[in-house]
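Chemist: One structure coming up, written as structure tokens, with questions to follow.
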There are 2 protein chains.
Amino acid sequence: MYAISLDLGGTHIGCAIVRDRDVLAHTSIPANARAGLAPLLPHLHSTIDALLTEAGITAADCAGIAIGYPGIVDFRTGNILSTHKKYADAIHLDLAGWALENFALPIRMENDARMALLGEHFAGAAQGHDNVIMMTLGTGIGSGAMIHGHLLRGAHAQAGNLGGHLPVDFHGRHCTCGNIGCAEAEASGWALPLVARDWPGFSRSTLAGLPHISFKQLFDHAAHGDQVALAVQQHCLEVWASNAVANVHAYDPDIVVIGGGVVESAHLIIPFIQHHVDEHVWIGGFRPKILPAKLGNLAGLIGAVPLLSEEIAAAIL
Amino acid sequence: MYAISLDLGGTHIGCAIVRDRDVLAHTSIPANARAGLAPLLPHLHSTIDALLTEAGITAADCAGIAIGYPGIVDFRTGNILSTHKKYADAIHLDLAGWALENFALPIRMENDARMALLGEHFAGAAQGHDNVIMMTLGTGIGSGAMIHGHLLRGAHAQAGNLGGHLPVDFHGRHCTCGNIGCAEAEASGWALPLVARDWPGFSRSTLAGLPHISFKQLFDHAAHGDQVALAVQQHCLEVWASNAVANVHAYDPDIVVIGGGVVESAHLIIPFIQHHVDEHVWIGGFRPKILPAKLGNLAGLIGAVPLLSEEIAAAIL
């Protein structure tokens with residue numbers, strides 16, 4: 001099956017033509033999620049046309065257009081339920097009409113973390129496993145859950161997507177989601193600078209001179225022996241590990257796939273989380289394997305064929 | 001449908017004859033979960049015989065025997081996967097053989113918290129709702145989750161059952177489950193005396209004179225103005241409320257049913273949790289109703305007919 005695949009990210013939109021597990025052509029175009037999707041549609045149209053040409057096929061060869069959206073989406077209806085300020089105008093756009101008019105193709109939209117899980121299940125780290133959690137440690141913490149081969153979605157399409165919004169500290173930091181002490185509020189890309197600046201001794205840390213603190217910089221400074229960086233790194237590892245146990249307790253998976261930019265430091269993160277999970281999940285319960293994601297930014301794009309192939313009537317979770 | 005129903009509790013075993021939503025006859029017999037189930041089987045046999053007589057039916061009128069078990073059970077196979085030291089000998093007992101030989105009936109076994117959820121869904125607080133979490137606040141914190149009318153079970157039969165073992169404090173108390181800072185370790189019947197005794201000023205509290213501290217006593221002493229009791233009560237309410245948000249984020253329900261002994265103080269607990277959930281669940285997401293359980297100790301027993309009616313092949317979660 002051929003498909004057109006779009007992945008709406010905060011600063012870029014990934015675009016691809018896929019054939020089953022293969023990416024035939026792909027690119028990404030700059031985007032500003034807060035400025036909305038409508039102004040980008042002409043550019044998306046021409047980009048898709050160019051990629052189709054590069055792949056040597058036409059839209060008529062494709063089964064449809066799969067769209068990964070950074071918010072809560074009901075894929076059965078295509079309705080966006082919650083935008084978190086990213087491409088908020090998409091709620092009112094007739095994307096199905098746009099796709100039909102320009103490409104004579106149906107669309108399906110799904111949450112971007114679920115798309116990444118579908119991709120890793122179809123062609124990546126989760127291949128061969130039907131009980132999977134994927135956690136994406138990035139600017140936020142995205143998550144998806146698959147049980148007995150079915151994506152978990154729930155009554156209001158958000159089940160499995162809020163794994164980063166299980167609390168690790170009920171007296172902790174306020175999260176952008178409205179909750180208190182979520183894993184995301186304690187150890188995500190947006191929270192890291194806040195956590196670091198509040199750390200005792202920060203002003204004497206080598207981190208203090210940085211205009212912005214990323215996980216890459218945190219790990220680098222920790223590797224060079226900065227004591228605050230080491231302590232904040234330990235804090236983040238403990239938050240992620242506790243959150244992994246929470247997700248294992250919630251969804252009972254065979255494996256947990258960790259994605260996002262921090263996977264570059266998989267040697268640091270994966271063994272720590274694996275050890276914590278082995279030590280602390282339910283006594284006598286199954287110990288899931290913790291695995292790094294394999295497909296990077298392509299995961300969501302490679303989720304297109306499984307999404308377009310899914311029987312909506314069978315999507316009972 | 002008639003059924004025989006057993007609910008294996010820590011200190012008692014509930015026994016009933018049910019017809020659909022009605023309990024025709026019931027009693028409970030004293031038990032010691034740590035001493036095992038085998039010594040109790042003759043007494044259970046005679047008790048069931050007496051209840052059948054009281055209900056005016058025979059075993060042949062019944063569809064089967066439903067058993068609620070306080071541990072992790074795979075209902076598809078009847079295998080007990082994890083006992084938590086309660087009726088641990090049941091792993092090696094041939095209960096199916098016992099039921100067939102003595103009553104010529106099949107058995108089905110399921111986790112006791114899932115049985116309570118089935119009961120409340122069939123005939124109690126969750127009637128008419130197909131997306132439900134039930135939390136039982138007792139000696140421990142039991143839980144079950146239902147999604148689109150299906151009990152959530154997961155790959156190793158523990159999904160939905162460990163809702164009380166989602167952390168609220170990743171640097172908190174060690175839980176009997178092996179994890180750190182679970183809601184159960186911070187605010188359950190077994191944890192309460194430990195939490196209270198560690199509270200600053202405990203020695204001057206009216207709680208200090210009690211041989212054992214129960215939630216009933218905690219709430220009584222708080223109502224009489226004891227400052228430590230008030231503070232510990234507030235701590236427990238905050239733990240339960242944070243844990244409710246965690247479970248809502250995990251399972252995306254329409255309603256959350258709160259059961260267990262503390263339901264006697266529903267006027268105190270339900271509005272607190274409802275307010276916290278309204279304030280802190282995912283911005284723009286659905287606000288589930290928080291409801292007290294209706295069936296008390298009968299909930300698990302009333303779960304018998306739904307359990308025995310379930311098509312195992314359709315139990316895909």
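Naming works like this for the structure tokens: A, B, ... for the chains as they're shown, residue 1 at the start of each chain, ligands 1 onward in shown order.
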How would you write, as a VMD selection string, the set of residues in range 82-255 of chain B that DSSP gives as helix (DSSP H, G or I)?
Modeler: chain B and resid 88 to 92 95 to 103 112 to 123 163 to 165 183 to 186 192 to 197 202 to 204 206 to 209 215 to 223 227 to 251
Chemist: Within 7 Å of range 141-146 of chain B, counting only C-alpha atoms, which residues show up once you throw out same-chain ones fewer than 4 positions away? Write them as a ChimeraX atom specification, please.
Modeler: /B:113-114,117,130-137,150-152,160-164,184,188
Chemist: With only C-alpha atoms considered, list every residue of chain A at most 6 Å from chain B, as a PDB file with N, CA, C and O atoms, in the first residue's frame.
Modeler:
ATOM      1  N   SER A  82      -8.714  18.529  21.402  1.00  0.00           N
ATOM      2  CA  SER A  82      -7.932  19.377  22.301  1.00  0.00           C
ATOM      3  C   SER A  82      -6.632  19.718  21.588  1.00  0.00           C
ATOM      4  O   SER A  82      -5.937  18.824  21.078  1.00  0.00           O
ATOM      5  N   GLY A 154      -9.852   4.991  24.303  1.00  0.00           N
ATOM      6  CA  GLY A 154     -10.729   5.369  25.406  1.00  0.00           C
ATOM      7  C   GLY A 154     -11.922   6.201  24.995  1.00  0.00           C
ATOM      8  O   GLY A 154     -12.109   6.538  23.822  1.00  0.00           O
ATOM      9  N   ALA A 159      -7.039   8.189  26.160  1.00  0.00           N
ATOM     10  CA  ALA A 159      -6.393   7.110  26.919  1.00  0.00           C
ATOM     11  C   ALA A 159      -5.074   6.722  26.257  1.00  0.00           C
ATOM     12  O   ALA A 159      -5.008   6.548  25.039  1.00  0.00           O
ATOM     13  N   GLY A 160      -4.043   6.606  27.062  1.00  0.00           N
ATOM     14  CA  GLY A 160      -2.721   6.243  26.569  1.00  0.00           C
ATOM     15  C   GLY A 160      -1.882   7.437  26.150  1.00  0.00           C
ATOM     16  O   GLY A 160      -0.662   7.350  26.129  1.00  0.00           O
ATOM     17  N   LEU A 162      -1.723  10.366  27.713  1.00  0.00           N
ATOM     18  CA  LEU A 162      -1.345  11.258  28.813  1.00  0.00           C
ATOM     19  C   LEU A 162      -0.410  10.566  29.803  1.00  0.00           C
ATOM     20  O   LEU A 162      -0.363  10.925  30.987  1.00  0.00           O
ATOM     21  N   LEU A 166       0.964  11.506  34.207  1.00  0.00           N
ATOM     22  CA  LEU A 166       0.753  10.843  35.485  1.00  0.00           C
ATOM     23  C   LEU A 166       1.710  11.533  36.464  1.00  0.00           C
ATOM     24  O   LEU A 166       2.859  11.789  36.124  1.00  0.00           O
ATOM     25  N   PRO A 167       1.228  11.836  37.664  1.00  0.00           N
ATOM     26  CA  PRO A 167       2.080  12.585  38.597  1.00  0.00           C
ATOM     27  C   PRO A 167       3.268  11.748  39.079  1.00  0.00           C
ATOM     28  O   PRO A 167       3.168  10.535  39.199  1.00  0.00           O
ATOM     29  N   VAL A 168       4.376  12.410  39.336  1.00  0.00           N
ATOM     30  CA  VAL A 168       5.457  11.800  40.107  1.00  0.00           C
ATOM     31  C   VAL A 168       5.594  12.488  41.464  1.00  0.00           C
ATOM     32  O   VAL A 168       6.270  11.988  42.347  1.00  0.00           O
ATOM     33  N   ASP A 169       4.956  13.660  41.615  1.00  0.00           N
ATOM     34  CA  ASP A 169       5.083  14.403  42.878  1.00  0.00           C
ATOM     35  C   ASP A 169       3.833  15.250  43.062  1.00  0.00           C
ATOM     36  O   ASP A 169       3.681  16.296  42.429  1.00  0.00           O
ATOM     37  N   PHE A 170       2.957  14.788  43.961  1.00  0.00           N
ATOM     38  CA  PHE A 170       1.653  15.467  44.086  1.00  0.00           C
ATOM     39  C   PHE A 170       1.756  16.841  44.735  1.00  0.00           C
ATOM     40  O   PHE A 170       0.759  17.569  44.782  1.00  0.00           O
ATOM     41  N   CYS A 177      -0.603  21.248  31.514  1.00  0.00           N
ATOM     42  CA  CYS A 177      -1.857  20.513  31.277  1.00  0.00           C
ATOM     43  C   CYS A 177      -2.920  20.846  32.313  1.00  0.00           C
ATOM     44  O   CYS A 177      -4.069  20.437  32.170  1.00  0.00           O
ATOM     45  N   GLY A 178      -2.519  21.549  33.396  1.00  0.00           N
ATOM     46  CA  GLY A 178      -3.470  21.867  34.459  1.00  0.00           C
ATOM     47  C   GLY A 178      -3.251  21.052  35.719  1.00  0.00           C
ATOM     48  O   GLY A 178      -3.770  21.385  36.782  1.00  0.00           O
ATOM     49  N   ASN A 179      -2.506  19.984  35.621  1.00  0.00           N
ATOM     50  CA  ASN A 179      -2.267  19.094  36.756  1.00  0.00           C
ATOM     51  C   ASN A 179      -1.019  19.539  37.533  1.00  0.00           C
ATOM     52  O   ASN A 179      -0.323  20.475  37.138  1.00  0.00           O
ATOM     53  N   ALA A 246       4.952   3.760  36.525  1.00  0.00           N
ATOM     54  CA  ALA A 246       3.536   4.149  36.530  1.00  0.00           C
ATOM     55  C   ALA A 246       2.849   3.667  35.258  1.00  0.00           C
ATOM     56  O   ALA A 246       1.752   3.089  35.303  1.00  0.00           O
ATOM     57  N   HIS A 249       2.499  -0.099  35.295  1.00  0.00           N
ATOM     58  CA  HIS A 249       1.391  -0.472  36.175  1.00  0.00           C
ATOM     59  C   HIS A 249       0.042  -0.165  35.514  1.00  0.00           C
ATOM     60  O   HIS A 249      -0.924  -0.911  35.685  1.00  0.00           O
ATOM     61  N   ALA A 250      -0.026   0.912  34.767  1.00  0.00           N
ATOM     62  CA  ALA A 250      -1.312   1.286  34.152  1.00  0.00           C
ATOM     63  C   ALA A 250      -1.672   0.378  32.981  1.00  0.00           C
ATOM     64  O   ALA A 250      -2.831  -0.009  32.835  1.00  0.00           O
ATOM     65  N   TYR A 251      -0.665   0.008  32.148  1.00  0.00           N
ATOM     66  CA  TYR A 251      -0.999  -0.619  30.858  1.00  0.00           C
ATOM     67  C   TYR A 251      -0.450  -2.024  30.679  1.00  0.00           C
ATOM     68  O   TYR A 251      -0.763  -2.679  29.684  1.00  0.00           O
ATOM     69  N   ASP A 252       0.445  -2.476  31.587  1.00  0.00           N
ATOM     70  CA  ASP A 252       0.824  -3.897  31.595  1.00  0.00           C
ATOM     71  C   ASP A 252       1.452  -4.372  30.279  1.00  0.00           C
ATOM     72  O   ASP A 252       1.039  -5.397  29.728  1.00  0.00           O
ATOM     73  N   HIS A 280      11.347  -2.225  40.759  1.00  0.00           N
ATOM     74  CA  HIS A 280      10.193  -1.595  41.417  1.00  0.00           C
ATOM     75  C   HIS A 280       8.826  -1.910  40.846  1.00  0.00           C
ATOM     76  O   HIS A 280       7.830  -1.457  41.408  1.00  0.00           O
ATOM     77  N   VAL A 281       8.719  -2.643  39.726  1.00  0.00           N
ATOM     78  CA  VAL A 281       7.353  -2.967  39.311  1.00  0.00           C
ATOM     79  C   VAL A 281       6.806  -4.066  40.223  1.00  0.00           C
ATOM     80  O   VAL A 281       7.551  -4.771  40.902  1.00  0.00           O
ATOM     81  N   TRP A 282       5.498  -4.137  40.233  1.00  0.00           N
ATOM     82  CA  TRP A 282       4.691  -5.076  41.021  1.00  0.00           C
ATOM     83  C   TRP A 282       5.410  -6.406  41.273  1.00  0.00           C
ATOM     84  O   TRP A 282       5.747  -7.116  40.329  1.00  0.00           O
ATOM     85  N   ILE A 283       5.584  -6.735  42.536  1.00  0.00           N
ATOM     86  CA  ILE A 283       6.270  -7.977  42.927  1.00  0.00           C
ATOM     87  C   ILE A 283       5.584  -9.177  42.278  1.00  0.00           C
ATOM     88  O   ILE A 283       4.379  -9.343  42.399  1.00  0.00           O
ATOM     89  N   GLY A 284       6.364 -10.000  41.607  1.00  0.00           N
ATOM     90  CA  GLY A 284       5.780 -11.172  40.960  1.00  0.00           C
ATOM     91  C   GLY A 284       5.208 -10.870  39.595  1.00  0.00           C
ATOM     92  O   GLY A 284       4.802 -11.775  38.873  1.00  0.00           O
TER      93      GLY A 284
END
Chemist: If I take CA of Ile67 in chain B and CA of Ala55 in chain B, how far is one from the other in Å, to one decimal?
Modeler: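 If I compute the distance from CA of Ile67 in chain B to CA of Ala55 in chain B, I get 18.9 Å.
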Chemist: So the first atom is CA of Gly124 in chain A and the second is CA of Ala299 in chain A; what is the distance between them in Å, to one decimal place?
Modeler: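 These atoms are spaced 7.7 Å apart.
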Chemist: Would you work out the distance separating CA of Pro30 in chain A from CA of Ile17 in chain A, expressed in Å to one decimal?
Modeler: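 About the pair CA of Pro30 in chain A and CA of Ile17 in chain A: they are 18.1 Å apart.
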Chemist: Between B:Ile269, B:Ala88, B:Ala35, B:Ala66, which has the minimum distance to Cys236 in chain B (counting only C-alpha atoms)?
Modeler: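 Once distances to Cys236 in chain B are computed over only C-alpha atoms, the minimum belongs to B:Ile269.
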Chemist: Taking the backbone alone, and naming residues the way the document does, which bits of range 129-165 of chain A are strand (DSSP E or B) by DSSP, as a PyMOL selection string?
Modeler: chain A and resi 132-137+141-147+150-151
Chemist: With N, CA and C atoms kept, could you save the residues just selected as a PDB file, in the first residue's frame?
Modeler:
ATOM      1  N   VAL A 132       2.489  -2.715  24.050  1.00  0.00           N
ATOM      2  CA  VAL A 132       3.583  -1.750  23.946  1.00  0.00           C
ATOM      3  C   VAL A 132       3.174  -0.410  24.546  1.00  0.00           C
ATOM      4  N   ILE A 133       4.079   0.189  25.284  1.00  0.00           N
ATOM      5  CA  ILE A 133       3.961   1.617  25.594  1.00  0.00           C
ATOM      6  C   ILE A 133       5.092   2.318  24.881  1.00  0.00           C
ATOM      7  N   MET A 134       4.802   3.468  24.275  1.00  0.00           N
ATOM      8  CA  MET A 134       5.884   4.308  23.776  1.00  0.00           C
ATOM      9  C   MET A 134       5.840   5.643  24.495  1.00  0.00           C
ATOM     10  N   MET A 135       6.989   6.041  25.042  1.00  0.00           N
ATOM     11  CA  MET A 135       7.136   7.340  25.691  1.00  0.00           C
ATOM     12  C   MET A 135       8.096   8.164  24.840  1.00  0.00           C
ATOM     13  N   THR A 136       7.690   9.365  24.451  1.00  0.00           N
ATOM     14  CA  THR A 136       8.567  10.245  23.687  1.00  0.00           C
ATOM     15  C   THR A 136       8.996  11.394  24.575  1.00  0.00           C
ATOM     16  N   LEU A 137      10.280  11.377  24.956  1.00  0.00           N
ATOM     17  CA  LEU A 137      10.822  12.387  25.863  1.00  0.00           C
ATOM     18  C   LEU A 137      11.379  13.528  25.011  1.00  0.00           C
ATOM     19  N   ILE A 141       6.294  15.292  27.158  1.00  0.00           N
ATOM     20  CA  ILE A 141       6.413  13.830  27.164  1.00  0.00           C
ATOM     21  C   ILE A 141       5.156  13.277  26.515  1.00  0.00           C
ATOM     22  N   GLY A 142       5.313  12.759  25.301  1.00  0.00           N
ATOM     23  CA  GLY A 142       4.178  12.159  24.601  1.00  0.00           C
ATOM     24  C   GLY A 142       4.120  10.671  24.893  1.00  0.00           C
ATOM     25  N   SER A 143       2.936  10.080  24.771  1.00  0.00           N
ATOM     26  CA  SER A 143       2.850   8.633  24.992  1.00  0.00           C
ATOM     27  C   SER A 143       1.699   8.023  24.215  1.00  0.00           C
ATOM     28  N   GLY A 144       1.840   6.730  23.977  1.00  0.00           N
ATOM     29  CA  GLY A 144       0.776   5.940  23.378  1.00  0.00           C
ATOM     30  C   GLY A 144       0.841   4.547  23.973  1.00  0.00           C
ATOM     31  N   ALA A 145      -0.300   3.855  23.973  1.00  0.00           N
ATOM     32  CA  ALA A 145      -0.346   2.498  24.519  1.00  0.00           C
ATOM     33  C   ALA A 145      -1.058   1.575  23.537  1.00  0.00           C
ATOM     34  N   MET A 146      -0.514   0.389  23.368  1.00  0.00           N
ATOM     35  CA  MET A 146      -1.135  -0.636  22.534  1.00  0.00           C
ATOM     36  C   MET A 146      -1.346  -1.885  23.394  1.00  0.00           C
ATOM     37  N   ILE A 147      -2.568  -2.431  23.367  1.00  0.00           N
ATOM     38  CA  ILE A 147      -2.906  -3.608  24.163  1.00  0.00           C
ATOM     39  C   ILE A 147      -3.447  -4.691  23.240  1.00  0.00           C
ATOM     40  N   HIS A 150      -4.175  -3.651  19.770  1.00  0.00           N
ATOM     41  CA  HIS A 150      -5.108  -2.541  19.538  1.00  0.00           C
ATOM     42  C   HIS A 150      -4.558  -1.260  20.161  1.00  0.00           C
ATOM     43  N   LEU A 151      -4.599  -0.158  19.425  1.00  0.00           N
ATOM     44  CA  LEU A 151      -4.275   1.126  20.038  1.00  0.00           C
ATOM     45  C   LEU A 151      -5.332   1.431  21.091  1.00  0.00           C
TER      46      LEU A 151
END
Chemist: Could you pull the residues within 8 Å of Leu51 in chain A, counting only C-alpha atoms, minus those fewer than 5 positions along the same chain, as number ranges by chain?
Modeler: A: 16-17, 25-26
Chemist: Take the residues that were just selected and, keeping C-alpha atoms, output them as a short mmCIF file (atom, residue, chain, number, x, y, z; two decimals), in the first residue's frame.
Modeler:
data_model
loop_
_atom_site.label_atom_id
_atom_site.label_comp_id
_atom_site.auth_asym_id
_atom_site.auth_seq_id
_atom_site.Cartn_x
_atom_site.Cartn_y
_atom_site.Cartn_z
CA ALA A 16 6.53 11.57 3.18
CA ILE A 17 5.41 9.13 0.57
CA ALA A 25 10.52 10.17 -0.41
CA HIS A 26 10.42 12.59 2.49
#
Chemist: Could you check which of B:His92, B:Gly56, B:Arg19, B:Gly10 is closest to Ile302 in chain B, using only C-alpha atoms?
Modeler: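 Between B:His92, B:Gly56, B:Arg19, B:Gly10, the residue approaching Ile302 in chain B most closely is B:Arg19.
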Chemist: Could you list, as a PyMOL selection string, every residue within 12 Å of Gln234 in chain B, counting only C-alpha atoms and ignoring same-chain residues fewer than 6 positions away?
Modeler: chain B and resi 186-187+196+215+218-219+222+227-228+240-241+268-269+272-273
Chemist: Please save N, CA and C atoms of the selected residues as a JSON list (two decimals), in the first residue's frame.
Modeler:
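The resulting file, out.json, is shown below:
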[["chain", "number", "residue", "atom", "x", "y", "z"],
["B", 186, "GLU", "N", 0.94, 5.79, 50.56],
["B", 186, "GLU", "CA", 0.82, 7.10, 51.18],
["B", 186, "GLU", "C", -0.53, 7.32, 51.86],
["B", 187, "ALA", "N", -1.55, 6.52, 51.48],
["B", 187, "ALA", "CA", -2.88, 6.76, 52.06],
["B", 187, "ALA", "C", -3.78, 5.54, 51.89],
["B", 196, "ALA", "N", 0.68, 8.53, 60.07],
["B", 196, "ALA", "CA", 0.29, 9.33, 61.25],
["B", 196, "ALA", "C", 1.44, 9.39, 62.26],
["B", 215, "PHE", "N", -9.24, 4.79, 59.24],
["B", 215, "PHE", "CA", -9.75, 6.03, 58.62],
["B", 215, "PHE", "C", -10.92, 6.58, 59.40],
["B", 218, "LEU", "N", -9.51, 8.37, 62.23],
["B", 218, "LEU", "CA", -8.84, 9.59, 61.74],
["B", 218, "LEU", "C", -9.87, 10.69, 61.50],
["B", 219, "PHE", "N", -10.96, 10.34, 60.77],
["B", 219, "PHE", "CA", -11.97, 11.35, 60.44],
["B", 219, "PHE", "C", -12.68, 11.85, 61.71],
["B", 222, "ALA", "N", -10.33, 14.17, 63.54],
["B", 222, "ALA", "CA", -10.23, 15.43, 62.78],
["B", 222, "ALA", "C", -11.49, 16.28, 63.02],
["B", 227, "GLN", "N", -5.37, 18.62, 65.51],
["B", 227, "GLN", "CA", -4.63, 19.24, 64.41],
["B", 227, "GLN", "C", -3.86, 18.22, 63.56],
["B", 228, "VAL", "N", -3.27, 17.22, 64.22],
["B", 228, "VAL", "CA", -2.55, 16.19, 63.47],
["B", 228, "VAL", "C", -3.55, 15.38, 62.63],
["B", 240, "TRP", "N", -5.46, 10.81, 47.44],
["B", 240, "TRP", "CA", -6.54, 10.17, 46.67],
["B", 240, "TRP", "C", -6.92, 11.01, 45.46],
["B", 241, "ALA", "N", -6.95, 12.33, 45.64],
["B", 241, "ALA", "CA", -7.35, 13.22, 44.54],
["B", 241, "ALA", "C", -6.30, 13.20, 43.43],
["B", 268, "LEU", "N", -17.36, 13.77, 52.81],
["B", 268, "LEU", "CA", -16.05, 14.41, 52.98],
["B", 268, "LEU", "C", -15.19, 14.20, 51.75],
["B", 269, "ILE", "N", -15.23, 12.98, 51.22],
["B", 269, "ILE", "CA", -14.26, 12.54, 50.23],
["B", 269, "ILE", "C", -14.67, 12.90, 48.81],
["B", 272, "PHE", "N", -14.30, 16.57, 47.63],
["B", 272, "PHE", "CA", -12.89, 16.95, 47.56],
["B", 272, "PHE", "C", -12.25, 16.43, 46.27],
["B", 273, "ILE", "N", -12.47, 15.14, 46.00],
["B", 273, "ILE", "CA", -11.86, 14.55, 44.80],
["B", 273, "ILE", "C", -12.47, 15.16, 43.54]]
